[in-house]
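*Asks:* Take a look at the following structure, please.
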Amino acid sequence: MIPFTYLEPLTRDEALALLARHGDEAKLIAGGTGLVNLMKQRLVRPRFVIGLRALKTLARVEESGGLTIGALTTLQSLATCGSVRLLAPLLAEACGHVATVRIRSMATIGGAVAHADPNLDAPPALMAMDAQIIAHSQRGQRTIPTDQFFSGYYETILAQDEIVTEILIPEQPAGSGTAFLKFLPATQDDYATVSVAVRLALDGNGIISEPRVALGAAAMVPVRAKAVEAMLSGKVADATTFREAAPMVLDAIDPIADFRGSVDYKRKMAVVHVRRALAEASAKACAQSE
Ligand SMILES: Cc1cc2nc3c(=O)[nH]c(=O)nc-3n(C[C@H](O)[C@H](O)[C@H](O)COP(=O)(O)OP(=O)(O)OC[C@H]3O[C@@H](n4cnc5c(N)ncnc54)[C@H](O)[C@@H]3O)c2cc1C
């Protein structure tokens with residue numbers, strides 16, 4: 001790695017001031033699991049690395065109707081926290097699928113969104129729950145829907161002087177069930193070949209409302225499959241509906257061929273896993289209402 005100066009602010013305001021002062025020459029570091037690799041490969045060469053770990057108030061989970069999650073909360077905490085498992089089980093499940101306990105214990109939810117690697121597990125889960133990302137700078141605060149946050153491969157709409165401070169997860173619709181499927185044909189600790197996060201709510205007659213379907217490792221950014229959602233809305237939750245809706249995912253995805261599979265293979269696996277995730281989420285919604 002090229003030499004750099006490590007700075008460790010003690011407050012959020014101090015971190016924002018350092019970020020504003022050093023501009024493009026600075027990079028934030030949270031868990032370091034993504035940034036350090038990029039620095040070792042010299043893909044990023046910051047002169048200043050601003051460590052966030054002293055900002056303890058950003059490592060918290062609060063019940064607020066839904067959940068307010070501080071950006072420094074680790075993925076392992078999210079996988080195991082009682083409030084998250086109860087109010088946002090989809091996020092707990094997705095975080096539990098990340099790599100190994102060593103990685104999960106370092107990587108943070110703020111880093112998982114800001115890193116913007118399309119293969120990550122938490123972003124599709126956040127999208128399927130209509131989560132919002134709170135970013136602060138010295139200019140103020142803004143709230144960004146997760147599905148408008150990612151702008152390209154490893155790119156977000158965050159400005160250079162902004163820090164992700166919280167993730168807001170709204171209360172989920174009554175009668176909803178969720179599923180997170182991560183297709184891992186090689187090893188259990190790999191990044192996804194394709195991942196699917198689904199939330200859907202069922203009324204007393206088994207009619208679907210507020211469906212959300214989001215995918216990771218299926219394009220340059222995590223994506224929502226809005227054509228699948230439109231097809232599901234107002235339909236009876238059964239195998240026929242899921243079989244008809246799942247292929248609509250092909251409109252939303254544009255996978256990259258790599259050692260995890262060809263474009264054609266990933267497209268086929270996306271359809272299969274959307275169908276399975278819909279069936280699993282529906283079964284969980286039914287089980288809850290019994
Ligand atoms: C071997 C390995 C396997 C992995 N496997 C998986 C996997 O299967 N699934 C998965 O989801 N993840 C996996 N990860 C983790 C993932 O790749 C990212 O490294 C991780 O999500 C980044 O979180 P972090 O807190 O470590 O971020 P950092 O590495 O600290 O930072 C990453 C980027 O985000 C920025 N950043 C960090 N925090 C903030 C903030 N609060 N505000 C603004 N910008 C910020 C940094 O400036 C940097 O650009 C794996 C990592 C490793 C090393």
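Identifiers in the structure tokens: chain A, B, ... in order shown; residue index from 1 per chain; ligand index from 1 in order shown.
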Tell me which protein, DNA and RNA residues are within 9 Å of range 256-266 of chain A, counting only C-alpha atoms, leaving out same-chain ones fewer than 4 positions away, and put them as a list in words.

*Replies:* Leu184, Pro185, Ala186, Tyr191, Ala192, Thr193, Val194, Ala217, Ala218, Ala219, Met220, Ala270 and Val271 of chain A

*Asks:* Would you mind listing the residues within 8 Å of ligand 1, counting only C-alpha atoms and all ligand atoms, as a PyMOL selection string?

*Replies:* chain A and resi 27-37+52+71-72+74+94-95+97-100+103-104+106-117+119-123+135+158+162-165+189-192

*Asks:* Could you name the residues that touch Pro9 in chain A at 12 Å or less, counting only C-alpha atoms, but leaving out those on the same chain fewer than 3 positions away, as a ChimeraX atom specification?

*Replies:* /A:6,12-19,28-29,49-56

*Asks:* Those same residues, written as a PDB file, in the first residue's frame with N, CA and C atoms?

*Replies:*
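Dumped everything to result_9.pdb:
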ATOM      1  N   TYR A   6      -3.472   8.331   8.887  1.00  0.00           N
ATOM      2  CA  TYR A   6      -4.717   7.846   9.490  1.00  0.00           C
ATOM      3  C   TYR A   6      -5.229   8.876  10.497  1.00  0.00           C
ATOM      4  N   ARG A  12     -19.043  12.982  15.167  1.00  0.00           N
ATOM      5  CA  ARG A  12     -19.503  13.023  13.772  1.00  0.00           C
ATOM      6  C   ARG A  12     -19.128  14.360  13.122  1.00  0.00           C
ATOM      7  N   ASP A  13     -19.282  15.454  13.874  1.00  0.00           N
ATOM      8  CA  ASP A  13     -18.972  16.772  13.293  1.00  0.00           C
ATOM      9  C   ASP A  13     -17.497  16.870  12.920  1.00  0.00           C
ATOM     10  N   GLU A  14     -16.650  16.286  13.781  1.00  0.00           N
ATOM     11  CA  GLU A  14     -15.214  16.308  13.481  1.00  0.00           C
ATOM     12  C   GLU A  14     -14.934  15.488  12.204  1.00  0.00           C
ATOM     13  N   ALA A  15     -15.617  14.354  12.068  1.00  0.00           N
ATOM     14  CA  ALA A  15     -15.429  13.522  10.869  1.00  0.00           C
ATOM     15  C   ALA A  15     -15.882  14.284   9.622  1.00  0.00           C
ATOM     16  N   LEU A  16     -17.014  14.979   9.722  1.00  0.00           N
ATOM     17  CA  LEU A  16     -17.520  15.729   8.564  1.00  0.00           C
ATOM     18  C   LEU A  16     -16.558  16.858   8.194  1.00  0.00           C
ATOM     19  N   ALA A  17     -15.978  17.505   9.213  1.00  0.00           N
ATOM     20  CA  ALA A  17     -15.043  18.608   8.951  1.00  0.00           C
ATOM     21  C   ALA A  17     -13.789  18.072   8.255  1.00  0.00           C
ATOM     22  N   LEU A  18     -13.284  16.918   8.708  1.00  0.00           N
ATOM     23  CA  LEU A  18     -12.080  16.326   8.083  1.00  0.00           C
ATOM     24  C   LEU A  18     -12.364  15.949   6.634  1.00  0.00           C
ATOM     25  N   LEU A  19     -13.540  15.376   6.421  1.00  0.00           N
ATOM     26  CA  LEU A  19     -13.919  14.953   5.070  1.00  0.00           C
ATOM     27  C   LEU A  19     -14.028  16.173   4.147  1.00  0.00           C
ATOM     28  N   LEU A  28     -13.125   7.421   3.846  1.00  0.00           N
ATOM     29  CA  LEU A  28     -13.587   6.922   5.151  1.00  0.00           C
ATOM     30  C   LEU A  28     -13.263   5.442   5.249  1.00  0.00           C
ATOM     31  N   ILE A  29     -13.044   4.983   6.475  1.00  0.00           N
ATOM     32  CA  ILE A  29     -12.912   3.533   6.679  1.00  0.00           C
ATOM     33  C   ILE A  29     -13.785   3.143   7.870  1.00  0.00           C
ATOM     34  N   VAL A  49      -6.850   8.636   5.485  1.00  0.00           N
ATOM     35  CA  VAL A  49      -7.883   7.634   5.773  1.00  0.00           C
ATOM     36  C   VAL A  49      -8.528   8.047   7.094  1.00  0.00           C
ATOM     37  N   ILE A  50      -9.850   8.260   7.032  1.00  0.00           N
ATOM     38  CA  ILE A  50     -10.568   8.762   8.212  1.00  0.00           C
ATOM     39  C   ILE A  50     -11.328   7.597   8.850  1.00  0.00           C
ATOM     40  N   GLY A  51     -10.867   7.165   9.992  1.00  0.00           N
ATOM     41  CA  GLY A  51     -11.470   6.023  10.686  1.00  0.00           C
ATOM     42  C   GLY A  51     -12.724   6.449  11.451  1.00  0.00           C
ATOM     43  N   LEU A  52     -13.783   5.642  11.291  1.00  0.00           N
ATOM     44  CA  LEU A  52     -15.059   5.990  11.936  1.00  0.00           C
ATOM     45  C   LEU A  52     -15.289   5.252  13.251  1.00  0.00           C
ATOM     46  N   ARG A  53     -14.362   4.363  13.631  1.00  0.00           N
ATOM     47  CA  ARG A  53     -14.692   3.425  14.710  1.00  0.00           C
ATOM     48  C   ARG A  53     -14.889   4.078  16.070  1.00  0.00           C
ATOM     49  N   ALA A  54     -14.403   5.323  16.261  1.00  0.00           N
ATOM     50  CA  ALA A  54     -14.610   5.976  17.565  1.00  0.00           C
ATOM     51  C   ALA A  54     -16.017   6.581  17.684  1.00  0.00           C
ATOM     52  N   LEU A  55     -16.761   6.590  16.591  1.00  0.00           N
ATOM     53  CA  LEU A  55     -18.108   7.197  16.623  1.00  0.00           C
ATOM     54  C   LEU A  55     -19.115   6.160  17.134  1.00  0.00           C
ATOM     55  N   LYS A  56     -19.033   5.890  18.414  1.00  0.00           N
ATOM     56  CA  LYS A  56     -19.796   4.775  19.011  1.00  0.00           C
ATOM     57  C   LYS A  56     -21.308   4.944  18.835  1.00  0.00           C
TER      58      LYS A  56
END

*Asks:* State, in Å with one decimal place, the distance from CA of Leu78 in chain A to CA of Gln288 in chain A.

*Replies:*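 Straight-line distance from CA of Leu78 in chain A to CA of Gln288 in chain A works out to 22.0 Å.
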
*Asks:* Residues within 12 Å of Pro124 in chain A, please, as a JSON list (two decimals) with C-alpha atoms, in the first residue's frame. Count only C-alpha atoms; anything in the same chain fewer than 4 positions from it doesn't count.

*Replies:*
[["chain", "number", "residue", "atom", "x", "y", "z"],
["A", 90, "LEU", "CA", -35.00, -10.33, 5.88],
["A", 91, "LEU", "CA", -32.00, -8.17, 6.82],
["A", 93, "GLU", "CA", -31.12, -13.45, 7.15],
["A", 94, "ALA", "CA", -29.13, -11.62, 4.44],
["A", 95, "CYS", "CA", -26.41, -10.54, 6.88],
["A", 112, "ALA", "CA", -21.98, -2.49, 2.79],
["A", 113, "VAL", "CA", -24.05, 0.22, 1.09],
["A", 116, "ALA", "CA", -21.59, -0.41, -3.77],
["A", 117, "ASP", "CA", -20.22, -3.76, -4.86],
["A", 118, "PRO", "CA", -23.24, -5.26, -6.69],
["A", 119, "ASN", "CA", -22.49, -8.73, -5.28],
["A", 120, "LEU", "CA", -23.20, -7.82, -1.65],
["A", 128, "ALA", "CA", -37.04, -5.16, -0.56],
["A", 129, "MET", "CA", -37.92, -3.55, 2.79],
["A", 130, "ASP", "CA", -38.15, 0.01, 1.36],
["A", 131, "ALA", "CA", -35.24, 1.06, 3.56],
["A", 146, "THR", "CA", -32.07, 2.50, -1.13],
["A", 147, "ASP", "CA", -33.24, 1.82, -4.67],
["A", 149, "PHE", "CA", -28.69, 5.12, -3.95],
["A", 150, "PHE", "CA", -26.59, 3.01, -6.34],
["A", 179, "ALA", "CA", -37.18, -14.70, 1.93],
["A", 180, "PHE", "CA", -33.51, -14.26, 1.07],
["A", 181, "LEU", "CA", -31.92, -16.81, -1.23],
["A", 182, "LYS", "CA", -28.20, -16.71, -2.01],
["A", 192, "ALA", "CA", -23.45, -14.77, -4.55],
["A", 194, "VAL", "CA", -27.16, -14.51, -7.75],
["A", 195, "SER", "CA", -29.11, -13.42, -4.66],
["A", 196, "VAL", "CA", -32.82, -12.66, -4.32],
["A", 197, "ALA", "CA", -34.65, -10.79, -1.57],
["A", 198, "VAL", "CA", -38.45, -10.91, -1.50],
["A", 199, "ARG", "CA", -41.11, -9.35, 0.67],
["A", 212, "ARG", "CA", -40.88, -6.28, -3.44],
["A", 213, "VAL", "CA", -38.31, -8.31, -5.36],
["A", 214, "ALA", "CA", -34.65, -7.24, -5.41],
["A", 215, "LEU", "CA", -31.52, -8.98, -6.65],
["A", 216, "GLY", "CA", -27.80, -8.87, -6.03],
["A", 217, "ALA", "CA", -25.02, -10.05, -8.37],
["A", 218, "ALA", "CA", -27.42, -9.67, -11.28],
["A", 219, "ALA", "CA", -26.30, -6.34, -12.81],
["A", 221, "VAL", "CA", -25.92, -2.38, -9.30],
["A", 222, "PRO", "CA", -28.34, -4.17, -6.98],
["A", 223, "VAL", "CA", -31.72, -4.03, -8.75],
["A", 224, "ARG", "CA", -35.44, -4.12, -8.05],
["A", 225, "ALA", "CA", -37.47, -6.30, -10.41]]

*Asks:* Can you pull out every residue within 8 Å of Ile208 in chain A, counting only C-alpha atoms, but drop anything in the same chain fewer than 2 positions away, and send it as a ChimeraX atom specification?

*Replies:* /A:200-203,206,210-211,232-237

*Asks:* Generate the output file for the selected residues, N, CA and C atoms, as an mmCIF file, in the first residue's frame.

*Replies:*
data_model
loop_
_atom_site.group_PDB
_atom_site.id
_atom_site.type_symbol
_atom_site.label_atom_id
_atom_site.label_comp_id
_atom_site.auth_asym_id
_atom_site.auth_seq_id
_atom_site.Cartn_x
_atom_site.Cartn_y
_atom_site.Cartn_z
ATOM 1 N N LEU A 200 -43.443 -9.964 0.551
ATOM 2 C CA LEU A 200 -44.807 -9.767 0.055
ATOM 3 C C LEU A 200 -45.786 -9.909 1.219
ATOM 4 N N ALA A 201 -46.899 -9.186 1.097
ATOM 5 C CA ALA A 201 -47.936 -9.257 2.133
ATOM 6 C C ALA A 201 -49.146 -9.975 1.547
ATOM 7 N N LEU A 202 -49.804 -10.772 2.374
ATOM 8 C CA LEU A 202 -51.001 -11.498 1.921
ATOM 9 C C LEU A 202 -52.189 -11.081 2.770
ATOM 10 N N ASP A 203 -53.366 -10.898 2.127
ATOM 11 C CA ASP A 203 -54.569 -10.645 2.928
ATOM 12 C C ASP A 203 -55.216 -11.995 3.279
ATOM 13 N N GLY A 206 -55.425 -14.610 0.608
ATOM 14 C CA GLY A 206 -54.195 -15.008 -0.079
ATOM 15 C C GLY A 206 -53.850 -14.107 -1.252
ATOM 16 N N GLU A 210 -48.200 -5.106 -1.942
ATOM 17 C CA GLU A 210 -46.878 -4.516 -1.667
ATOM 18 C C GLU A 210 -45.708 -5.492 -1.888
ATOM 19 N N PRO A 211 -45.715 -6.205 -3.024
ATOM 20 C CA PRO A 211 -44.578 -7.109 -3.267
ATOM 21 C C PRO A 211 -43.305 -6.327 -3.575
ATOM 22 N N LEU A 232 -47.209 -9.435 -9.750
ATOM 23 C CA LEU A 232 -47.680 -10.131 -8.549
ATOM 24 C C LEU A 232 -48.814 -9.382 -7.852
ATOM 25 N N SER A 233 -48.799 -8.071 -7.959
ATOM 26 C CA SER A 233 -49.705 -7.242 -7.165
ATOM 27 C C SER A 233 -51.160 -7.571 -7.475
ATOM 28 N N GLY A 234 -51.931 -7.898 -6.436
ATOM 29 C CA GLY A 234 -53.357 -8.182 -6.611
ATOM 30 C C GLY A 234 -53.662 -9.610 -7.043
ATOM 31 N N LYS A 235 -52.623 -10.422 -7.242
ATOM 32 C CA LYS A 235 -52.839 -11.820 -7.665
ATOM 33 C C LYS A 235 -52.893 -12.762 -6.459
ATOM 34 N N VAL A 236 -53.467 -13.949 -6.692
ATOM 35 C CA VAL A 236 -53.461 -14.987 -5.653
ATOM 36 C C VAL A 236 -52.041 -15.551 -5.532
ATOM 37 N N ALA A 237 -51.592 -15.712 -4.298
ATOM 38 C CA ALA A 237 -50.240 -16.253 -4.075
ATOM 39 C C ALA A 237 -50.274 -17.757 -4.250
#

*Asks:* Mind checking DSSP for range 3-248 of chain A and telling me the helix (DSSP H, G or I) residues as a ChimeraX atom specification?

*Replies:* /A:12-25,35-40,56-58,75-80,82-87,89-96,101-104,109-115,122-128,146-148,226-232,239-248
